[in-house]
$ cat model.csv   # CSV, C-alpha atoms
chain,number,residue,atom,x,y,z
L,1,MET,CA,141.9,115.7,99.8
L,2,GLN,CA,138.7,113.9,98.9
L,3,ASP,CA,136.8,117.1,99.6
L,4,THR,CA,139.1,119.0,97.3
L,5,ASP,CA,138.6,116.4,94.5
L,6,SER,CA,134.8,116.6,94.9
L,7,ILE,CA,134.9,120.4,94.7
L,8,ASN,CA,137.0,120.2,91.5
L,9,ASP,CA,134.7,117.6,90.0
L,10,LEU,CA,131.7,119.8,90.8
L,11,ALA,CA,133.4,122.9,89.3
L,12,ALA,CA,134.3,121.0,86.2
L,13,ALA,CA,130.7,119.8,85.8
L,14,LEU,CA,129.4,123.3,86.3
L,15,LEU,CA,131.6,124.6,83.5
L,16,GLN,CA,129.6,122.5,81.1
L,17,PRO,CA,126.6,124.2,79.5
L,18,ALA,CA,123.2,123.1,80.9
L,19,ASP,CA,121.8,120.2,79.0
L,20,ILE,CA,118.6,121.9,77.8
L,21,SER,CA,117.6,122.1,74.2
L,22,PHE,CA,114.3,122.3,72.4
L,23,GLU,CA,113.0,121.5,68.9
L,24,LEU,CA,110.6,124.5,68.6
L,25,PRO,CA,107.9,124.3,65.9
L,26,ASP,CA,108.4,126.4,62.8
L,27,PRO,CA,106.0,129.4,63.1
L,28,GLU,CA,105.7,129.6,59.3
L,29,ASP,CA,104.6,126.0,58.9
L,30,GLU,CA,100.9,126.2,58.3
L,31,GLN,CA,100.5,122.5,58.4
L,32,ILE,CA,101.0,122.5,62.2
L,33,LEU,CA,97.7,122.9,64.0
L,34,GLU,CA,97.5,126.0,66.2
L,35,SER,CA,96.6,123.8,69.2
L,36,ASP,CA,99.7,121.7,68.7
L,37,PHE,CA,101.9,124.7,68.1
L,38,GLN,CA,100.8,126.3,71.3
L,39,GLN,CA,101.1,123.1,73.3
L,40,GLN,CA,104.8,122.5,72.2
L,41,LEU,CA,105.7,126.1,73.1
L,42,GLU,CA,103.9,125.8,76.5
L,43,ILE,CA,105.9,122.7,77.4
L,44,ALA,CA,109.2,124.4,76.5
L,45,TRP,CA,108.2,127.4,78.5
L,46,GLN,CA,107.3,125.3,81.6
L,47,ILE,CA,110.7,123.6,81.5
L,48,CYS,CA,112.4,127.0,81.4
L,49,ASP,CA,110.2,128.2,84.3
L,50,ARG,CA,111.3,125.2,86.4
L,51,PHE,CA,114.9,125.6,85.5
L,52,ASP,CA,114.8,129.3,86.4
L,53,LEU,CA,113.1,128.6,89.8
L,54,GLN,CA,115.6,126.1,90.9
L,55,THR,CA,118.5,128.3,89.8
L,56,GLU,CA,117.2,131.4,91.4
L,57,ILE,CA,116.5,129.6,94.7
L,58,TRP,CA,120.1,128.5,94.8
L,59,ARG,CA,121.4,131.9,93.8
L,60,GLY,CA,119.5,133.3,96.7
L,61,ARG,CA,121.0,130.7,99.1
L,62,ILE,CA,124.5,131.5,97.8
L,63,LEU,CA,124.0,135.3,98.2
L,64,ARG,CA,122.5,134.8,101.7
L,65,ALA,CA,125.5,132.8,102.7
L,66,ILE,CA,127.8,135.6,101.4
L,67,ARG,CA,125.8,138.3,103.2
L,68,ASP,CA,125.7,136.4,106.5
L,69,ARG,CA,129.4,135.6,106.3
L,70,GLU,CA,130.0,139.3,105.9
L,71,LYS,CA,128.0,140.0,109.1
L,72,VAL,CA,130.4,137.7,111.0
L,73,GLY,CA,133.8,138.8,109.7
L,74,GLY,CA,133.1,141.9,107.6
L,75,ASP,CA,133.4,145.6,108.4
L,76,GLY,CA,129.8,145.9,109.5
L,77,ARG,CA,128.8,147.9,106.4
L,78,GLY,CA,128.5,145.0,103.9
L,79,THR,CA,131.4,146.2,101.8
L,80,GLY,CA,132.5,142.7,100.9
L,81,PHE,CA,129.0,141.6,99.9
L,82,LEU,CA,128.5,144.7,97.8
L,83,ARG,CA,131.9,144.1,96.1
L,84,TRP,CA,130.9,140.5,95.4
L,85,LEU,CA,127.7,141.8,93.7
L,86,LYS,CA,129.6,144.4,91.7
L,87,GLU,CA,132.1,141.9,90.4
L,88,ARG,CA,129.2,139.8,89.0
L,89,GLU,CA,127.1,142.7,87.8
L,90,ILE,CA,124.2,142.0,90.1
L,91,GLY,CA,122.0,144.8,91.4
L,92,LYS,CA,121.1,145.0,95.1
L,93,SER,CA,117.4,144.8,94.4
L,94,GLN,CA,117.9,141.6,92.3
L,95,ALA,CA,120.2,140.1,94.9
L,96,TYR,CA,117.7,140.7,97.7
L,97,ALA,CA,114.8,139.4,95.5
L,98,TRP,CA,116.8,136.1,95.2
L,99,ILE,CA,117.5,136.0,98.9
L,100,GLN,CA,113.8,136.5,99.6
L,101,LEU,CA,112.9,133.7,97.2
L,102,ALA,CA,115.4,131.4,99.0
L,103,ASN,CA,114.1,132.4,102.4
L,104,SER,CA,110.5,131.6,101.2
L,105,ALA,CA,111.6,128.2,99.9
L,106,ASP,CA,113.4,127.2,103.0
L,107,THR,CA,110.6,128.4,105.3
L,108,LEU,CA,108.0,126.5,103.3
L,109,ILE,CA,110.1,123.4,103.4
L,110,GLU,CA,111.1,123.6,107.1
L,111,ASP,CA,107.5,124.2,108.1
L,112,GLY,CA,106.5,121.1,106.3
L,113,LYS,CA,104.2,123.0,103.9
L,114,LEU,CA,106.2,122.0,100.9
L,115,ASP,CA,107.9,118.8,99.8
L,116,PRO,CA,111.2,119.7,98.1
L,117,LYS,CA,110.5,117.1,95.4
L,118,THR,CA,107.4,119.1,94.3
L,119,VAL,CA,109.2,122.4,93.7
L,120,ASN,CA,109.4,121.6,90.0
L,121,ASN,CA,105.6,121.5,89.8
L,122,PHE,CA,105.6,125.3,90.3
L,123,SER,CA,106.2,128.0,87.8
L,124,LYS,CA,108.6,130.6,89.3
L,125,ARG,CA,105.9,133.2,89.7
L,126,ALA,CA,103.5,130.7,91.2
L,127,PHE,CA,106.1,129.8,93.8
L,128,VAL,CA,106.7,133.5,94.7
L,129,GLU,CA,102.9,133.9,94.9
L,130,THR,CA,102.6,130.9,97.2
L,131,SER,CA,105.3,132.2,99.6
L,132,LYS,CA,103.1,135.4,100.1
L,133,ALA,CA,99.9,133.5,100.7
L,134,SER,CA,98.3,132.6,104.0
L,135,PRO,CA,99.3,129.3,105.6
L,136,GLU,CA,95.9,127.8,104.7
L,137,VAL,CA,96.4,128.6,101.0
L,138,GLN,CA,100.0,127.3,101.2
L,139,GLN,CA,98.7,124.0,102.5
L,140,MET,CA,96.1,123.7,99.7
L,141,VAL,CA,98.7,124.6,97.1
L,142,SER,CA,101.2,122.1,98.5
L,143,GLU,CA,98.6,119.3,98.5
L,144,ALA,CA,97.9,120.0,94.8
L,145,ALA,CA,101.6,120.0,94.0
L,146,GLN,CA,102.1,116.7,95.8
L,147,LYS,CA,99.4,115.2,93.6
L,148,GLY,CA,101.5,116.2,90.6
L,149,ASP,CA,99.3,119.1,89.5
L,150,ARG,CA,101.0,121.9,87.6
L,151,ILE,CA,100.9,125.0,89.8
L,152,THR,CA,100.6,128.4,88.1
L,153,ARG,CA,100.3,131.9,89.6
L,154,ARG,CA,96.8,132.1,88.3
L,155,GLU,CA,95.8,129.0,90.2
L,156,VAL,CA,97.4,130.3,93.4
L,157,ARG,CA,95.6,133.6,93.2
L,158,GLN,CA,92.3,131.8,92.6
L,159,LEU,CA,92.8,129.7,95.7
L,160,ASN,CA,93.8,132.8,97.6
L,161,ASP,CA,90.7,134.7,96.5
L,162,GLU,CA,88.5,131.7,97.4
L,163,TRP,CA,90.0,131.4,100.8
L,164,THR,CA,89.7,135.2,101.4
L,165,ALA,CA,86.0,135.1,100.4
L,166,MET,CA,85.2,132.3,102.7
L,167,SER,CA,87.3,133.2,105.8
L,168,SER,CA,87.5,137.0,106.1
L,169,ASP,CA,85.7,138.4,109.2
L,170,LEU,CA,85.1,141.6,107.3
L,171,LEU,CA,82.5,140.0,105.0
L,172,PRO,CA,78.8,139.6,106.0
L,173,GLU,CA,77.4,136.1,106.0
L,174,ALA,CA,75.2,136.8,103.0
L,175,VAL,CA,78.4,137.5,100.9
L,176,LYS,CA,80.1,134.4,102.2
L,177,GLU,CA,77.1,132.2,101.3
L,178,LYS,CA,77.0,133.5,97.8
L,179,ALA,CA,80.8,133.0,97.5
L,180,ALA,CA,80.3,129.4,98.6
L,181,ASP,CA,77.7,128.6,96.0
L,182,ASN,CA,79.8,130.6,93.4
L,183,THR,CA,77.0,133.1,92.6
L,184,LEU,CA,79.5,135.8,93.7
L,185,PRO,CA,82.9,135.1,92.1
L,186,PRO,CA,85.8,135.3,94.6
L,187,ARG,CA,87.8,137.5,92.2
L,188,TYR,CA,85.5,140.4,93.0
L,189,ILE,CA,85.5,139.8,96.7
L,190,ALA,CA,89.2,139.6,97.4
L,191,PRO,CA,90.1,143.1,96.2
L,192,LEU,CA,87.3,144.5,98.4
L,193,VAL,CA,88.7,142.7,101.5
L,194,LYS,CA,92.1,144.0,100.7
L,195,GLU,CA,90.8,147.6,100.6
L,196,MET,CA,88.6,147.2,103.7
L,197,GLU,CA,91.6,146.1,105.7
L,198,LYS,CA,93.1,149.6,105.3
L,199,LEU,CA,90.1,151.3,106.8
L,200,PRO,CA,89.0,152.1,110.4
L,201,GLU,CA,86.3,150.0,111.9
L,202,SER,CA,83.6,152.6,111.5
L,203,HIS,CA,84.1,152.7,107.8
L,204,GLN,CA,84.3,149.0,107.5
L,205,LYS,CA,80.9,148.7,109.2
L,206,PHE,CA,79.4,151.2,106.7
L,207,ILE,CA,80.6,149.1,103.8
L,208,GLN,CA,79.5,145.9,105.4
L,209,LYS,CA,75.9,147.3,105.6
L,210,GLU,CA,76.0,148.2,101.9
L,211,ILE,CA,77.1,144.8,100.6
L,212,ALA,CA,74.8,143.0,103.1
L,213,ALA,CA,71.8,144.9,101.7
L,214,ASN,CA,72.8,144.2,98.1
L,215,PRO,CA,75.2,141.3,97.8
L,216,ASP,CA,75.8,141.4,94.0
L,217,VAL,CA,78.7,142.0,91.6
L,218,ASP,CA,77.8,145.6,90.8
L,219,THR,CA,77.6,146.5,94.5
L,220,LEU,CA,81.0,144.8,95.1
L,221,LYS,CA,82.6,146.8,92.3
L,222,GLN,CA,81.1,150.0,93.6
L,223,VAL,CA,82.1,149.6,97.2
L,224,THR,CA,85.6,148.4,96.3
L,225,THR,CA,86.2,151.7,94.5
L,226,GLU,CA,84.6,153.5,97.4
L,227,ALA,CA,86.9,151.7,99.9
L,228,ARG,CA,89.9,152.5,97.8
L,229,ASN,CA,89.0,156.2,97.7
L,230,LEU,CA,88.4,156.2,101.4
L,231,ALA,CA,91.8,154.7,102.1
L,232,LYS,CA,93.5,157.3,99.8
L,233,TYR,CA,91.6,160.1,101.5
L,234,LEU,CA,92.5,159.0,105.1
L,235,LYS,CA,96.1,158.3,104.3
L,236,GLY,CA,96.6,161.6,102.4
L,237,ALA,CA,94.8,163.7,105.0
L,238,ALA,CA,97.0,162.3,107.8
L,239,GLN,CA,100.1,163.4,105.8
L,240,VAL,CA,99.0,167.0,104.9
L,241,GLN,CA,100.5,169.6,107.3
L,242,ALA,CA,98.0,172.2,106.1
L,243,LEU,CA,95.2,170.1,107.5
L,244,THR,CA,96.8,169.0,110.8
L,245,GLN,CA,97.9,172.5,111.7
L,246,GLU,CA,94.4,173.9,111.3
L,247,ASN,CA,92.7,171.1,113.1
L,248,VAL,CA,90.3,170.4,110.3
L,249,ASP,CA,87.6,167.8,111.2
L,250,ILE,CA,88.7,165.2,108.6
L,251,GLU,CA,86.0,162.7,109.5
L,252,THR,CA,83.1,165.2,109.1
L,253,ALA,CA,84.6,166.5,105.9
L,254,LEU,CA,84.7,162.9,104.7
L,255,GLU,CA,81.1,162.3,105.5
L,256,GLU,CA,80.1,165.4,103.6
L,257,ALA,CA,82.1,164.3,100.6
L,258,GLN,CA,80.3,161.0,100.7
L,259,ARG,CA,76.9,162.6,101.0
L,260,VAL,CA,77.3,164.9,98.0
L,261,GLY,CA,79.0,162.1,95.9
L,262,CYS,CA,82.4,163.7,95.5
L,263,LEU,CA,84.6,161.3,97.6
L,264,SER,CA,86.9,160.5,94.7
L,265,ILE,CA,87.6,164.2,94.0
L,266,ALA,CA,88.2,164.9,97.7
L,267,ALA,CA,90.5,161.9,98.0
L,268,ASP,CA,92.5,163.0,94.9
L,269,LEU,CA,92.7,166.6,96.3
L,270,VAL,CA,94.2,165.5,99.7
L,271,ASN,CA,96.5,163.1,97.9
L,272,GLN,CA,97.8,165.8,95.6
L,273,ALA,CA,98.2,168.2,98.5
L,274,SER,CA,100.3,165.6,100.3
L,275,GLN,CA,102.5,165.2,97.2
L,276,ILE,CA,103.0,168.9,96.8
L,277,GLU,CA,104.1,169.3,100.4
L,278,GLN,CA,106.6,166.5,100.0
L,279,THR,CA,107.8,168.1,96.7
L,280,ILE,CA,108.3,171.5,98.4
L,281,ALA,CA,110.4,169.9,101.1
L,282,LYS,CA,112.5,168.1,98.5
L,283,LEU,CA,112.8,171.4,96.5
L,284,TYR,CA,114.0,173.2,99.6
L,285,MET,CA,116.7,170.6,100.3
L,286,THR,CA,117.9,170.6,96.7
L,287,TRP,CA,117.9,174.5,96.6
L,288,LYS,CA,120.1,174.5,99.7
L,289,ARG,CA,122.4,172.0,98.1
L,290,ILE,CA,122.8,174.0,94.9
L,291,GLY,CA,123.6,177.1,96.9
L,292,ASN,CA,126.3,175.3,98.9
L,293,LEU,CA,127.8,173.7,95.8
L,294,ALA,CA,127.8,177.1,93.9
L,295,ASP,CA,129.7,178.7,96.8
L,296,ARG,CA,132.3,176.0,96.9
L,297,LEU,CA,132.8,176.1,93.1
L,298,TYR,CA,133.1,179.9,93.2
L,299,VAL,CA,136.0,179.7,95.6
L,300,ASP,CA,137.8,177.1,93.5
L,301,THR,CA,137.4,178.9,90.1
L,302,GLY,CA,138.8,182.1,88.6
L,303,ALA,CA,140.3,183.7,85.4
L,304,SER,CA,142.0,180.4,84.5
L,305,THR,CA,138.7,178.6,84.2
L,306,PRO,CA,136.4,180.9,82.1
L,307,ASN,CA,134.1,178.1,80.9
L,308,LEU,CA,133.7,176.7,84.3
L,309,ARG,CA,133.0,180.1,85.7
L,310,SER,CA,130.4,180.6,82.9
L,311,LEU,CA,128.7,177.4,83.9
L,312,LEU,CA,128.6,178.6,87.5
L,313,THR,CA,127.1,181.9,86.4
L,314,CYS,CA,124.2,180.2,84.6
L,315,LEU,CA,123.4,177.7,87.4
L,316,GLU,CA,124.0,179.9,90.4
L,317,PRO,CA,120.6,181.7,90.2
L,318,LEU,CA,118.9,178.4,90.9
L,319,GLY,CA,120.3,178.6,94.4
L,320,GLY,CA,119.2,182.2,94.8
L,321,GLU,CA,116.1,183.7,96.5
L,322,ILE,CA,114.2,183.8,93.2
L,323,MET,CA,114.3,181.0,90.6
L,324,GLU,CA,112.9,181.3,87.1
L,325,LEU,CA,112.0,178.5,84.7
L,326,GLN,CA,110.4,178.6,81.2
L,327,LEU,CA,107.8,175.9,80.6
L,328,SER,CA,107.4,174.9,76.9
L,329,GLY,CA,104.0,173.8,75.6
L,330,ALA,CA,101.3,175.1,73.4
L,331,THR,CA,102.3,178.5,74.9
L,332,GLU,CA,105.4,179.4,76.8
L,333,HIS,CA,105.1,180.3,80.4
L,334,THR,CA,107.7,181.6,82.8
L,335,ILE,CA,107.5,180.4,86.3
L,336,ARG,CA,109.1,182.3,89.1
L,337,LEU,CA,109.6,180.8,92.6
L,338,GLN,CA,110.7,182.7,95.6
L,339,ILE,CA,112.0,180.9,98.7
L,340,GLN,CA,112.1,182.7,102.0
L,341,GLU,CA,113.5,181.0,105.1
L,342,THR,CA,112.0,181.9,108.5
L,343,ASN,CA,112.9,180.6,111.9

$ encode --input "model.csv" --output "structure tokens"
Amino acid sequence: MQDTDSINDLAAALLQPADISFELPDPEDEQILESDFQQQLEIAWQICDRFDLQTEIWRGRILRAIRDREKVGGDGRGTGFLRWLKEREIGKSQAYAWIQLANSADTLIEDGKLDPKTVNNFSKRAFVETSKASPEVQQMVSEAAQKGDRITRREVRQLNDEWTAMSSDLLPEAVKEKAADNTLPPRYIAPLVKEMEKLPESHQKFIQKEIAANPDVDTLKQVTTEARNLAKYLKGAAQVQALTQENVDIETALEEAQRVGCLSIAADLVNQASQIEQTIAKLYMTWKRIGNLADRLYVDTGASTPNLRSLLTCLEPLGGEIMELQLSGATEHTIRLQIQETN
């Protein structure tokens, strides 16, 4: 009985609107100094951030409990969980984002990397950024929060960049030394490490030699772009059937592209080739679907449905062997596509 009364009291309290109200400065009052105006709005914004963070962590915990309960006593397909979301007009992506936030919060707290009392020192985005960071960065952020520091996403990213610059095994000692004395800003080093992690060891060593020979900002920017293009090239080439079927020497072609200075063009080409092969596959499946639907509709229509039959007549050719489409632009073009199936 006591538990029921407590639940009723809690429910009654939750029916009351949140006690949050601000006296925002008048934007048309020219007597307010710009610095004071900005400070008042920043304070209000931080309060909203904290309120959102606490609310969304608990929303995630609630949704996680509903989902896990469904696993125990549901139909195995999550029907009850999806119905619960639908009744409250919550999208699946939003629901799982909240669950992930709750998981991150609980993991940080259970691992002793975060004092629950310091959660309010984080902005919502800073908290999410912290949950994605390495354990060492999480520890540094937690220590700053325990001191009462205000933690923003920018500060978490800065700490993460600094840690990456000092700890990554992919960086030569010359770069780490310059990062330590701040002659090389970590914000230029972290993106490079991120791109290098996607590359095979042979390409990593090539980039390491370049930055070791010239450890400066311009070189970092250049090799970061180069590493990004390398990753795009290698990923795209591995997915292109036209290359794998003909046994093209991808690595040698890559070396030649680097030598003549057209790596970015080669990377874009293989990436576009991968996309067009995927588009062709999707087009084929859609073409088959149109043909099947047209056949079914033809069986179900007749003289009593002239307009429906007219619709079918217009769309049916898109499921035939030859499809035709007019492209409008500066000049009109007619595109004809023919699909032939072979075993």

$ residues_near_point --input "model.csv" --point "(91.1, 162.6, 97.2)" --cutoff "9 Å" --atoms "all atoms listed in the file" --output "ChimeraX atom specification"
/L:229-230,232-234,236-237,262-272

$ atom_distance --input "model.csv" --atom1 "atom CA of Ile43 of chain L" --atom2 "atom CA of Asn103 of chain L"
28.0 Å

$ residues_around --input "model.csv" --residues "segment 335-339 of chain L" --least-positions-apart "4" --cutoff "10 Å" --atoms "all atoms listed in the file" --output "PDB file with C-alpha atoms, keeping the file's coordinate frame"
ATOM      1  CA  LEU L 283     112.800 171.400  96.500  1.00  0.00           C
ATOM      2  CA  TYR L 284     114.000 173.200  99.600  1.00  0.00           C
ATOM      3  CA  TRP L 287     117.900 174.500  96.600  1.00  0.00           C
ATOM      4  CA  LEU L 318     118.900 178.400  90.900  1.00  0.00           C
ATOM      5  CA  GLY L 319     120.300 178.600  94.400  1.00  0.00           C
ATOM      6  CA  GLY L 320     119.200 182.200  94.800  1.00  0.00           C
ATOM      7  CA  GLU L 321     116.100 183.700  96.500  1.00  0.00           C
ATOM      8  CA  ILE L 322     114.200 183.800  93.200  1.00  0.00           C
ATOM      9  CA  MET L 323     114.300 181.000  90.600  1.00  0.00           C
ATOM     10  CA  GLU L 324     112.900 181.300  87.100  1.00  0.00           C
ATOM     11  CA  LEU L 325     112.000 178.500  84.700  1.00  0.00           C
ATOM     12  CA  GLN L 326     110.400 178.600  81.200  1.00  0.00           C
ATOM     13  CA  LEU L 327     107.800 175.900  80.600  1.00  0.00           C
TER      14      LEU L 327
END

$ closest_residue --input "model.csv" --among "L:Phe127, L:Trp84, L:Trp98, L:Trp45" --to "Arg157 of chain L" --atoms "all atoms listed in the file"
L:Phe127

$ closest_residue --input "model.csv" --among "L:Ile90, L:His203, L:Asp52, L:Val240" --to "Glu277 of chain L" --atoms "only C-alpha atoms"
L:Val240

$ closest_residue --input "model.csv" --among "L:His333, L:Lys288, L:Arg187, L:Lys92" --to "Pro317 of chain L" --atoms "only C-alpha atoms"
L:Lys288

$ atom_distance --input "model.csv" --atom1 "atom CA of Ala227 of chain L" --atom2 "atom CA of Leu192 of chain L"
7.4 Å

$ closest_residue --input "model.csv" --among "L:Lys178, L:Lys86, L:Arg153, L:Lys235" --to "Asn121 of chain L" --atoms "all atoms listed in the file"
L:Arg153

$ closest_residue --input "model.csv" --among "L:Glu136, L:Glu42, L:Asp161, L:Asp111" --to "Val193 of chain L" --atoms "all atoms listed in the file"
L:Asp161
